[in-house]
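Chemist: Take a look at query_12.pdb, PDB, C-alpha atoms, pLDDT in the B column:
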ATOM      1  CA  MET A   7     -65.552 -17.731   3.716  1.00 46.00           C
ATOM      2  CA  VAL A   8     -65.761 -21.504   3.349  1.00 45.00           C
ATOM      3  CA  GLY A   9     -67.826 -23.853   1.230  1.00 44.00           C
ATOM      4  CA  PHE A  10     -70.232 -26.547   2.493  1.00 42.00           C
ATOM      5  CA  VAL A  11     -71.168 -29.822   0.949  1.00 44.00           C
ATOM      6  CA  GLY A  12     -74.918 -30.384   0.771  1.00 46.00           C
ATOM      7  CA  ARG A  13     -76.881 -33.385  -0.251  1.00 45.00           C
ATOM      8  CA  GLY A  14     -77.468 -31.924  -3.691  1.00 46.00           C
ATOM      9  CA  GLY A  15     -73.707 -31.715  -4.402  1.00 47.00           C
ATOM     10  CA  VAL A  16     -70.906 -29.239  -3.773  1.00 44.00           C
ATOM     11  CA  TRP A  17     -71.682 -25.662  -2.848  1.00 42.00           C
ATOM     12  CA  ASP A  18     -68.662 -23.524  -3.751  1.00 45.00           C
ATOM     13  CA  SER A  19     -67.762 -20.394  -1.980  1.00 44.00           C
ATOM     14  CA  TRP A  20     -64.485 -18.393  -2.509  1.00 44.00           C
ATOM     15  CA  PRO A  21     -61.746 -18.618  -1.311  1.00 45.00           C
ATOM     16  CA  MET A  22     -62.156 -22.329  -0.323  1.00 43.00           C
ATOM     17  CA  HIS A  23     -63.723 -24.789  -2.787  1.00 44.00           C
ATOM     18  CA  PHE A  24     -64.786 -28.324  -2.300  1.00 38.00           C
ATOM     19  CA  VAL A  25     -64.481 -29.877  -5.683  1.00 40.00           C
ATOM     20  CA  ARG A  26     -65.006 -33.562  -6.028  1.00 42.00           C
ATOM     21  CA  GLY A  27     -64.433 -34.044  -2.322  1.00 43.00           C
ATOM     22  CA  ARG A  28     -61.014 -32.239  -2.325  1.00 43.00           C
ATOM     23  CA  ALA A  29     -60.402 -28.894  -0.640  1.00 41.00           C
ATOM     24  CA  LEU A  30     -58.404 -26.255  -2.544  1.00 42.00           C
ATOM     25  CA  VAL A  31     -56.918 -23.665  -0.190  1.00 43.00           C
ATOM     26  CA  VAL A  32     -55.880 -20.249  -1.447  1.00 43.00           C
ATOM     27  CA  PRO A  33     -52.908 -18.862   0.585  1.00 46.00           C
ATOM     28  CA  CYS A  34     -53.920 -16.317   3.196  1.00 40.00           C
ATOM     29  CA  ALA A  35     -51.337 -13.749   2.005  1.00 42.00           C
ATOM     30  CA  VAL A  36     -52.820 -13.723  -1.495  1.00 40.00           C
ATOM     31  CA  VAL A  37     -56.313 -13.432  -0.042  1.00 38.00           C
ATOM     32  CA  ALA A  38     -55.262 -10.516   2.139  1.00 40.00           C
ATOM     33  CA  LEU A  39     -53.756  -8.628  -0.818  1.00 39.00           C
ATOM     34  CA  MET A  40     -56.840  -9.200  -2.938  1.00 42.00           C
ATOM     35  CA  VAL A  41     -59.138  -8.071  -0.145  1.00 37.00           C
ATOM     36  CA  LEU A  42     -57.092  -4.923   0.374  1.00 39.00           C
ATOM     37  CA  ALA A  43     -57.236  -4.195  -3.331  1.00 43.00           C
ATOM     38  CA  GLY A  44     -60.987  -4.602  -3.281  1.00 47.00           C
ATOM     39  CA  CYS A  45     -61.392  -2.313  -0.291  1.00 42.00           C
ATOM     40  CA  SER A  46     -59.364   0.446  -1.900  1.00 46.00           C
ATOM     41  CA  GLY A  47     -61.430   0.377  -5.017  1.00 48.00           C
ATOM     42  CA  GLY A  48     -58.333  -0.093  -7.235  1.00 48.00           C
ATOM     43  CA  ALA A  49     -54.956  -1.723  -7.515  1.00 47.00           C
ATOM     44  CA  ALA A  50     -52.902  -2.233  -4.370  1.00 45.00           C
ATOM     45  CA  VAL A  51     -50.252   0.442  -3.870  1.00 48.00           C
ATOM     46  CA  ILE A  52     -46.720  -0.625  -2.922  1.00 45.00           C
ATOM     47  CA  ALA A  53     -44.722   2.082  -1.129  1.00 50.00           C
ATOM     48  CA  GLU A  54     -41.345   3.090  -2.612  1.00 49.00           C
ATOM     49  CA  PRO A  55     -38.310   2.308  -0.406  1.00 46.00           C
ATOM     50  CA  SER A  56     -37.051   5.298   1.541  1.00 50.00           C
ATOM     51  CA  THR A  57     -33.795   6.988   0.486  1.00 48.00           C
ATOM     52  CA  VAL A  58     -30.845   6.747   2.894  1.00 46.00           C
ATOM     53  CA  SER A  59     -28.477   9.713   3.044  1.00 48.00           C
ATOM     54  CA  VAL A  60     -24.765   8.724   3.164  1.00 43.00           C
ATOM     55  CA  PRO A  61     -22.323  11.275   4.664  1.00 44.00           C
ATOM     56  CA  SER A  62     -19.343  12.443   2.612  1.00 37.00           C
ATOM     57  CA  MET A  63     -16.127  10.433   3.056  1.00 37.00           C
ATOM     58  CA  ALA A  64     -13.712  13.006   1.556  1.00 34.00           C
ATOM     59  CA  LEU A  65     -10.198  12.655   2.956  1.00 35.00           C
ATOM     60  CA  SER A  66      -8.331  15.513   4.597  1.00 37.00           C
ATOM     61  CA  PRO A  67      -4.967  16.666   3.178  1.00 43.00           C
ATOM     62  CA  THR A  68      -1.980  14.737   4.558  1.00 57.00           C
ATOM     63  CA  GLY A  69      -0.127  17.907   5.520  1.00 70.00           C
ATOM     64  CA  SER A  70       0.135  21.686   5.162  1.00 88.00           C
ATOM     65  CA  VAL A  71       2.527  23.444   2.792  1.00 95.00           C
ATOM     66  CA  ARG A  72       5.466  25.111   4.519  1.00 97.00           C
ATOM     67  CA  SER A  73       8.629  26.838   3.388  1.00 98.00           C
ATOM     68  CA  VAL A  74      11.732  24.758   4.152  1.00 98.00           C
ATOM     69  CA  ARG A  75      15.289  26.098   3.917  1.00 98.00           C
ATOM     70  CA  ILE A  76      18.274  23.848   3.178  1.00 98.00           C
ATOM     71  CA  ASP A  77      21.868  25.139   3.403  1.00 98.00           C
ATOM     72  CA  THR A  78      25.082  23.201   3.025  1.00 98.00           C
ATOM     73  CA  SER A  79      28.643  23.256   1.725  1.00 97.00           C
ATOM     74  CA  LEU A  80      29.200  20.411  -0.723  1.00 97.00           C
ATOM     75  CA  THR A  81      32.472  18.633  -1.428  1.00 96.00           C
ATOM     76  CA  SER A  82      33.073  16.432  -4.449  1.00 95.00           C
ATOM     77  CA  ILE A  83      33.879  12.836  -3.492  1.00 96.00           C
ATOM     78  CA  ASP A  84      33.723  11.306  -6.988  1.00 96.00           C
ATOM     79  CA  LYS A  85      33.444  12.531 -10.571  1.00 94.00           C
ATOM     80  CA  VAL A  86      33.843  11.585 -14.209  1.00 96.00           C
ATOM     81  CA  ILE A  87      34.558  14.646 -16.381  1.00 94.00           C
ATOM     82  CA  ALA A  88      35.613  14.821 -20.028  1.00 96.00           C
ATOM     83  CA  LYS A  89      36.601  17.699 -22.315  1.00 95.00           C
ATOM     84  CA  VAL A  90      35.913  17.897 -26.047  1.00 97.00           C
ATOM     85  CA  GLY A  91      36.262  20.478 -28.831  1.00 95.00           C
ATOM     86  CA  PRO A  92      39.244  22.079 -30.594  1.00 95.00           C
ATOM     87  CA  GLN A  93      40.416  23.794 -27.429  1.00 92.00           C
ATOM     88  CA  GLY A  94      38.723  21.484 -24.936  1.00 92.00           C
ATOM     89  CA  GLU A  95      36.200  24.212 -24.268  1.00 92.00           C
ATOM     90  CA  ALA A  96      33.212  21.857 -23.891  1.00 96.00           C
ATOM     91  CA  VAL A  97      33.007  19.884 -20.660  1.00 95.00           C
ATOM     92  CA  TYR A  98      30.546  17.137 -19.765  1.00 97.00           C
ATOM     93  CA  GLY A  99      30.202  14.455 -17.110  1.00 97.00           C
ATOM     94  CA  TRP A 100      28.861  13.794 -13.641  1.00 96.00           C
ATOM     95  CA  ASN A 101      29.834  14.731 -10.117  1.00 94.00           C
ATOM     96  CA  ARG A 102      28.914  13.345  -6.697  1.00 97.00           C
ATOM     97  CA  LEU A 103      29.024  15.842  -3.851  1.00 97.00           C
ATOM     98  CA  THR A 104      28.160  15.417  -0.157  1.00 98.00           C
ATOM     99  CA  GLY A 105      27.756  17.615   2.904  1.00 98.00           C
ATOM    100  CA  VAL A 106      25.965  18.006   6.220  1.00 98.00           C
ATOM    101  CA  THR A 107      22.795  20.010   6.752  1.00 98.00           C
ATOM    102  CA  LYS A 108      19.610  20.407   8.785  1.00 97.00           C
ATOM    103  CA  LEU A 109      16.105  19.676   7.560  1.00 97.00           C
ATOM    104  CA  GLU A 110      13.342  21.290   9.634  1.00 97.00           C
ATOM    105  CA  GLY A 111      15.641  21.348  12.643  1.00 96.00           C
ATOM    106  CA  LYS A 112      16.820  17.745  12.239  1.00 97.00           C
ATOM    107  CA  SER A 113      20.491  17.041  11.566  1.00 98.00           C
ATOM    108  CA  GLY A 114      21.239  15.105   8.425  1.00 98.00           C
ATOM    109  CA  THR A 115      23.459  14.427   5.453  1.00 98.00           C
ATOM    110  CA  PHE A 116      23.101  15.852   1.949  1.00 98.00           C
ATOM    111  CA  GLU A 117      24.025  14.227  -1.366  1.00 98.00           C
ATOM    112  CA  MET A 118      24.014  15.732  -4.850  1.00 98.00           C
ATOM    113  CA  LEU A 119      24.326  13.579  -7.959  1.00 98.00           C
ATOM    114  CA  GLY A 120      24.871  16.108 -10.733  1.00 97.00           C
ATOM    115  CA  ASN A 121      25.499  16.003 -14.452  1.00 97.00           C
ATOM    116  CA  VAL A 122      26.823  18.927 -16.457  1.00 95.00           C
ATOM    117  CA  HIS A 123      27.359  20.142 -19.996  1.00 97.00           C
ATOM    118  CA  TYR A 124      29.378  23.351 -20.003  1.00 95.00           C
ATOM    119  CA  VAL A 125      30.971  25.411 -22.750  1.00 95.00           C
ATOM    120  CA  LYS A 126      33.640  27.787 -21.438  1.00 90.00           C
ATOM    121  CA  GLY A 127      32.391  27.216 -17.893  1.00 89.00           C
ATOM    122  CA  ALA A 128      28.694  27.878 -18.501  1.00 94.00           C
ATOM    123  CA  GLY A 129      25.764  25.676 -19.457  1.00 97.00           C
ATOM    124  CA  GLU A 130      23.208  23.160 -18.274  1.00 97.00           C
ATOM    125  CA  LEU A 131      23.265  21.173 -15.067  1.00 96.00           C
ATOM    126  CA  GLY A 132      20.801  18.767 -13.471  1.00 98.00           C
ATOM    127  CA  GLY A 133      20.527  15.714 -11.299  1.00 98.00           C
ATOM    128  CA  PHE A 134      19.239  14.545  -7.941  1.00 98.00           C
ATOM    129  CA  LEU A 135      19.370  15.703  -4.322  1.00 98.00           C
ATOM    130  CA  THR A 136      18.838  13.548  -1.230  1.00 98.00           C
ATOM    131  CA  VAL A 137      18.637  14.667   2.392  1.00 98.00           C
ATOM    132  CA  THR A 138      18.804  11.895   5.029  1.00 98.00           C
ATOM    133  CA  THR A 139      18.013  12.810   8.643  1.00 98.00           C
ATOM    134  CA  ALA A 140      19.312  11.086  11.781  1.00 97.00           C
ATOM    135  CA  ASN A 141      16.183   8.912  12.124  1.00 97.00           C
ATOM    136  CA  GLY A 142      16.557   7.549   8.584  1.00 97.00           C
ATOM    137  CA  SER A 143      13.917   9.745   6.937  1.00 98.00           C
ATOM    138  CA  THR A 144      14.814  10.795   3.400  1.00 98.00           C
ATOM    139  CA  LEU A 145      13.662  13.627   1.168  1.00 98.00           C
ATOM    140  CA  ALA A 146      14.391  13.119  -2.531  1.00 98.00           C
ATOM    141  CA  MET A 147      14.427  15.887  -5.142  1.00 98.00           C
ATOM    142  CA  ARG A 148      15.514  16.501  -8.710  1.00 98.00           C
ATOM    143  CA  PHE A 149      16.909  19.710 -10.140  1.00 98.00           C
ATOM    144  CA  ASP A 150      17.390  21.358 -13.537  1.00 98.00           C
ATOM    145  CA  GLY A 151      19.209  24.633 -13.975  1.00 98.00           C
ATOM    146  CA  GLN A 152      22.021  26.703 -15.385  1.00 98.00           C
ATOM    147  CA  ALA A 153      25.620  27.478 -14.503  1.00 97.00           C
ATOM    148  CA  THR A 154      27.128  30.878 -15.322  1.00 96.00           C
ATOM    149  CA  ALA A 155      30.835  31.616 -15.320  1.00 93.00           C
ATOM    150  CA  SER A 156      32.254  34.905 -14.099  1.00 92.00           C
ATOM    151  CA  ALA A 157      33.931  37.202 -16.632  1.00 89.00           C
ATOM    152  CA  ASP A 158      37.410  36.165 -15.516  1.00 87.00           C
ATOM    153  CA  GLY A 159      36.413  32.479 -15.296  1.00 82.00           C
ATOM    154  CA  ALA A 160      37.500  32.281 -11.670  1.00 86.00           C
ATOM    155  CA  SER A 161      34.088  31.337 -10.280  1.00 92.00           C
ATOM    156  CA  THR A 162      30.742  29.893 -11.286  1.00 94.00           C
ATOM    157  CA  SER A 163      27.229  30.662 -10.047  1.00 96.00           C
ATOM    158  CA  PHE A 164      24.279  28.289 -10.153  1.00 97.00           C
ATOM    159  CA  ASP A 165      20.543  28.836 -10.458  1.00 98.00           C
ATOM    160  CA  SER A 166      18.153  25.890 -10.553  1.00 98.00           C
ATOM    161  CA  GLY A 167      14.581  24.759 -10.015  1.00 98.00           C
ATOM    162  CA  ILE A 168      13.713  21.876  -7.675  1.00 98.00           C
ATOM    163  CA  THR A 169      10.948  19.282  -7.839  1.00 98.00           C
ATOM    164  CA  VAL A 170      10.300  16.972  -4.874  1.00 98.00           C
ATOM    165  CA  ILE A 171      10.196  13.301  -5.949  1.00 98.00           C
ATOM    166  CA  GLY A 172       9.091  11.840  -2.608  1.00 98.00           C
ATOM    167  CA  GLY A 173      10.652  10.414   0.518  1.00 98.00           C
ATOM    168  CA  THR A 174      10.539   7.858   3.317  1.00 98.00           C
ATOM    169  CA  LYS A 175       9.328   7.831   6.950  1.00 97.00           C
ATOM    170  CA  ASP A 176       8.659  11.484   7.923  1.00 96.00           C
ATOM    171  CA  TYR A 177       8.538  12.435   4.228  1.00 97.00           C
ATOM    172  CA  VAL A 178       6.846   9.389   2.704  1.00 97.00           C
ATOM    173  CA  ASN A 179       4.038  11.592   1.278  1.00 96.00           C
ATOM    174  CA  ALA A 180       6.284  14.522   0.377  1.00 97.00           C
ATOM    175  CA  SER A 181       5.634  16.737  -2.634  1.00 98.00           C
ATOM    176  CA  GLY A 182       6.525  20.263  -3.612  1.00 98.00           C
ATOM    177  CA  THR A 183       8.743  22.563  -5.659  1.00 98.00           C
ATOM    178  CA  GLY A 184      11.510  24.998  -4.930  1.00 98.00           C
ATOM    179  CA  HIS A 185      14.681  26.730  -6.049  1.00 98.00           C
ATOM    180  CA  TRP A 186      18.335  26.623  -5.210  1.00 98.00           C
ATOM    181  CA  ALA A 187      21.216  28.987  -5.877  1.00 98.00           C
ATOM    182  CA  GLY A 188      24.895  28.581  -5.171  1.00 97.00           C
ATOM    183  CA  SER A 189      28.454  29.241  -6.188  1.00 96.00           C
ATOM    184  CA  ARG A 190      31.807  27.588  -6.714  1.00 93.00           C
ATOM    185  CA  SER A 191      35.099  29.485  -6.571  1.00 89.00           C
ATOM    186  CA  ALA A 192      37.253  26.647  -7.852  1.00 76.00           C
ATOM    187  CA  GLU A 193      37.331  24.536 -10.995  1.00 74.00           C
ATOM    188  CA  LEU A 194      34.635  21.973 -11.789  1.00 77.00           C
ATOM    189  CA  GLY A 195      34.583  19.425  -8.955  1.00 71.00           C
ATOM    190  CA  GLY A 196      35.449  22.005  -6.292  1.00 81.00           C
ATOM    191  CA  ALA A 197      33.336  22.830  -3.219  1.00 89.00           C
ATOM    192  CA  VAL A 198      29.856  24.234  -3.881  1.00 95.00           C
ATOM    193  CA  GLN A 199      27.928  26.577  -1.569  1.00 97.00           C
ATOM    194  CA  PHE A 200      24.279  25.454  -1.753  1.00 98.00           C
ATOM    195  CA  HIS A 201      21.190  27.390  -0.579  1.00 98.00           C
ATOM    196  CA  ALA A 202      17.627  26.189  -1.261  1.00 98.00           C
ATOM    197  CA  ILE A 203      14.036  27.076  -0.411  1.00 98.00           C
ATOM    198  CA  VAL A 204      11.425  24.359  -0.932  1.00 98.00           C
ATOM    199  CA  GLN A 205       7.650  24.734  -0.612  1.00 98.00           C
ATOM    200  CA  LEU A 206       7.096  21.346   0.978  1.00 98.00           C
ATOM    201  CA  SER A 207       3.994  19.314   1.762  1.00 96.00           C
ATOM    202  CA  SER A 208       4.268  16.000   3.607  1.00 88.00           C
TER     203      SER A 208
END
Starting from the coordinates I provided, produce the structure as structure tokens.
Modeler:
Amino acid sequence: MVGFVGRGGVWDSWPMHFVRGRALVVPCAVVALMVLAGCSGGAAVIAEPSTVSVPSMALSPTGSVRSVRIDTSLTSIDKVIAKVGPQGEAVYGWNRLTGVTKLEGKSGTFEMLGNVHYVKGAGELGGFLTVTTANGSTLAMRFDGQATASADGASTSFDSGITVIGGTKDYVNASGTGHWAGSRSAELGGAVQFHAIVQLSS
């Protein structure tokens, strides 16, 4: 609707008004909303925004758990060992041993960095194990266990748990636990037969 100016003055009609010779224009959008409200007999209803469903982004595991066997014969290449006590019965120190092995069919080298605290040939041992394959992949583990001397003292057996620390390349996401057992038929620092099973995920 519009308003007209007559001889008797200004005739106003909404939504346009001629007041004192000047037109006031109400925006069309506002007019449309008000008209819709009037037609509905109540306040205008604004629809709620629709809900968008987002699919799950859960990641898949990096690898399956498998049982991995590691066997080797280790030779001491360096050590620092000390004896204490009235008869020198307590022994402590560290030992570095190396050998060759296979890890999941891949040839590699094996290194043990071990520390010991024995009394009469038996006691605690622990340290670190590293397997390095031909392509430069490494698997790093730590171990904590016990050494037990035979009755005649001629040999020592080992029993130890293993925890995987991590690795590089093929084993960069490695985790797991395991166990190793072994024996030594010579004095501390002699060759060690090593046999391990690790439940490995990488």
Chemist: What's the 9 Å shell around A:Ile76, counting all atoms listed in the file, without same-chain residues fewer than 5 positions away, as a VMD selection string?
Modeler: chain A and resid 107 to 110 186 200 to 204
Chemist: For the residues selected in the previous step, produce a file with C-alpha atoms as a short mmCIF file (atom, residue, chain, number, x, y, z; two decimals), in the coordinates of the input.
Modeler:
data_model
loop_
_atom_site.label_atom_id
_atom_site.label_comp_id
_atom_site.auth_asym_id
_atom_site.auth_seq_id
_atom_site.Cartn_x
_atom_site.Cartn_y
_atom_site.Cartn_z
CA THR A 107 22.80 20.01 6.75
CA LYS A 108 19.61 20.41 8.78
CA LEU A 109 16.10 19.68 7.56
CA GLU A 110 13.34 21.29 9.63
CA TRP A 186 18.34 26.62 -5.21
CA PHE A 200 24.28 25.45 -1.75
CA HIS A 201 21.19 27.39 -0.58
CA ALA A 202 17.63 26.19 -1.26
CA ILE A 203 14.04 27.08 -0.41
CA VAL A 204 11.42 24.36 -0.93
#
Chemist: Quick one: apply the PyMOL selection byres ((chain A and resi 82) around 12) to the file and drop the selected residues here as a list in words.
Modeler: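 Written out, the selection comes to Ser79, Leu80, Thr81, Ile83, Asp84, Lys85, Val86, Trp100, Asn101, Arg102, Leu103, Thr104, Gly105, Phe116, Glu117, Met118, Leu119, Gly120, Arg190, Ala192, Glu193, Leu194, Gly195, Gly196, Ala197, Val198 and Gln199 of chain A.
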Chemist: Quick check on the file I pasted: which residues fall under the PyMOL selection byres ((chain A and resi 98) around 7)? Write them as a ChimeraX atom specification.
Modeler: /A:87-89,96-97,99,122-124
Chemist: For the file shown, what are the residues hit by the PyMOL selection byres ((chain A and resi 172) around 12), laid out as a list of chain:residue names?
Modeler: A:Phe134, A:Leu135, A:Thr136, A:Val137, A:Ser143, A:Thr144, A:Leu145, A:Ala146, A:Met147, A:Arg148, A:Thr169, A:Val170, A:Ile171, A:Gly173, A:Thr174, A:Lys175, A:Asp176, A:Tyr177, A:Val178, A:Asn179, A:Ala180, A:Ser181, A:Gly182, A:Thr183, A:Leu206, A:Ser207, A:Ser208
Chemist: Considering only C-alpha atoms, return as a ChimeraX atom specification whatever protein or nucleic-acid residues lie within 6 Å of A:Ala128, sequence-local ones (same chain, fewer than 3 positions apart) excluded.
Modeler: /A:124-125,153-155
Chemist: Hey, can you check how far atom CA of A:Gly188 sits from atom CA of A:Ala160?
Modeler: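 The value is 14.7 Å.
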Chemist: If I take atom CA of A:Ser113 and atom CA of A:Leu131, how far is one from the other in Å, to one decimal?
Modeler: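 Distance reported for this atom pair: 27.1 Å.
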Chemist: How many Å separate atom CA of A:Glu130 from atom CA of A:Ser156?
Modeler: 15.4 Å
Chemist: Rank nothing, just name the residue among A:Pro92, A:Ser191, A:Lys112, A:Gly132 nearest to A:Gly167, using only C-alpha atoms.
Modeler: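 Answer, going by the shortest atom-to-atom distance: A:Gly132.
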Chemist: Which of these, A:Gly111, A:Gly69, A:Gly142, A:Arg75, has the shortest distance to A:His185 once you count all atoms listed in the file?
Modeler: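 Using all atoms listed in the file, the shortest distance to A:His185 belongs to A:Arg75.
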Chemist: Dig up all the protein and nucleic acid residues within 6 Å of (22.0, 30.8, -9.4) in the file frame, using all atoms listed in the file, and format them as JSON, numbers by chain.
Modeler: {"A": [163, 164, 165, 187, 188]}
Chemist: Could you check which of A:Ser189, A:Gly129, A:Thr139, A:Gln205 is closest to A:Gly151, using only C-alpha atoms?
Modeler: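 Using only C-alpha atoms, A:Gly151 sits closest to A:Gly129.
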Chemist: Once you've located stretch 122-146 of chain A in the structure I gave, write it as a short mmCIF file (atom, residue, chain, number, x, y, z; two decimals), in the first residue's frame, keeping N, CA and C atoms.
Modeler:
data_model
loop_
_atom_site.label_atom_id
_atom_site.label_comp_id
_atom_site.auth_asym_id
_atom_site.auth_seq_id
_atom_site.Cartn_x
_atom_site.Cartn_y
_atom_site.Cartn_z
N VAL A 122 74.46 -56.64 37.01
CA VAL A 122 74.23 -57.77 37.91
C VAL A 122 74.56 -57.39 39.34
N HIS A 123 73.94 -58.12 40.25
CA HIS A 123 74.29 -58.08 41.67
C HIS A 123 74.07 -59.50 42.21
N TYR A 124 75.17 -60.25 42.30
CA TYR A 124 75.10 -61.64 42.69
C TYR A 124 75.75 -61.84 44.06
N VAL A 125 75.23 -62.80 44.79
CA VAL A 125 75.87 -63.28 46.01
C VAL A 125 76.03 -64.79 45.86
N LYS A 126 77.26 -65.25 45.85
CA LYS A 126 77.58 -66.66 45.62
C LYS A 126 76.98 -67.16 44.31
N GLY A 127 77.04 -66.31 43.28
CA GLY A 127 76.64 -66.70 41.94
C GLY A 127 75.16 -66.55 41.62
N ALA A 128 74.36 -66.06 42.57
CA ALA A 128 72.93 -65.93 42.32
C ALA A 128 72.47 -64.53 42.73
N GLY A 129 71.43 -64.04 42.02
CA GLY A 129 70.91 -62.73 42.39
C GLY A 129 70.20 -62.03 41.23
N GLU A 130 70.14 -60.73 41.32
CA GLU A 130 69.37 -59.94 40.36
C GLU A 130 70.20 -59.59 39.13
N LEU A 131 69.52 -59.54 38.00
CA LEU A 131 70.13 -59.02 36.78
C LEU A 131 69.09 -58.22 36.01
N GLY A 132 69.55 -57.30 35.19
CA GLY A 132 68.65 -56.47 34.39
C GLY A 132 69.45 -55.70 33.36
N GLY A 133 68.75 -54.98 32.52
CA GLY A 133 69.45 -54.21 31.50
C GLY A 133 68.62 -54.03 30.25
N PHE A 134 69.31 -53.96 29.12
CA PHE A 134 68.66 -53.64 27.85
C PHE A 134 69.11 -54.59 26.75
N LEU A 135 68.18 -54.84 25.82
CA LEU A 135 68.42 -55.71 24.67
C LEU A 135 68.10 -54.94 23.40
N THR A 136 68.94 -55.07 22.38
CA THR A 136 68.69 -54.42 21.10
C THR A 136 68.96 -55.38 19.96
N VAL A 137 67.96 -55.58 19.10
CA VAL A 137 68.15 -56.35 17.87
C VAL A 137 68.15 -55.37 16.71
N THR A 138 69.16 -55.47 15.84
CA THR A 138 69.27 -54.61 14.65
C THR A 138 69.30 -55.49 13.42
N THR A 139 68.32 -55.33 12.53
CA THR A 139 68.25 -56.16 11.32
C THR A 139 69.09 -55.54 10.20
N ALA A 140 69.22 -56.29 9.10
CA ALA A 140 70.08 -55.87 8.00
C ALA A 140 69.64 -54.56 7.36
N ASN A 141 68.34 -54.23 7.42
CA ASN A 141 67.88 -52.98 6.81
C ASN A 141 67.92 -51.79 7.77
N GLY A 142 68.52 -52.00 8.95
CA GLY A 142 68.67 -50.91 9.91
C GLY A 142 67.52 -50.75 10.89
N SER A 143 66.51 -51.63 10.81
CA SER A 143 65.42 -51.59 11.78
C SER A 143 65.92 -52.09 13.14
N THR A 144 65.48 -51.45 14.21
CA THR A 144 65.88 -51.88 15.54
C THR A 144 64.65 -52.18 16.39
N LEU A 145 64.82 -53.14 17.28
CA LEU A 145 63.81 -53.46 18.29
C LEU A 145 64.50 -53.38 19.63
N ALA A 146 64.01 -52.48 20.50
CA ALA A 146 64.64 -52.24 21.80
C ALA A 146 63.77 -52.78 22.92
#
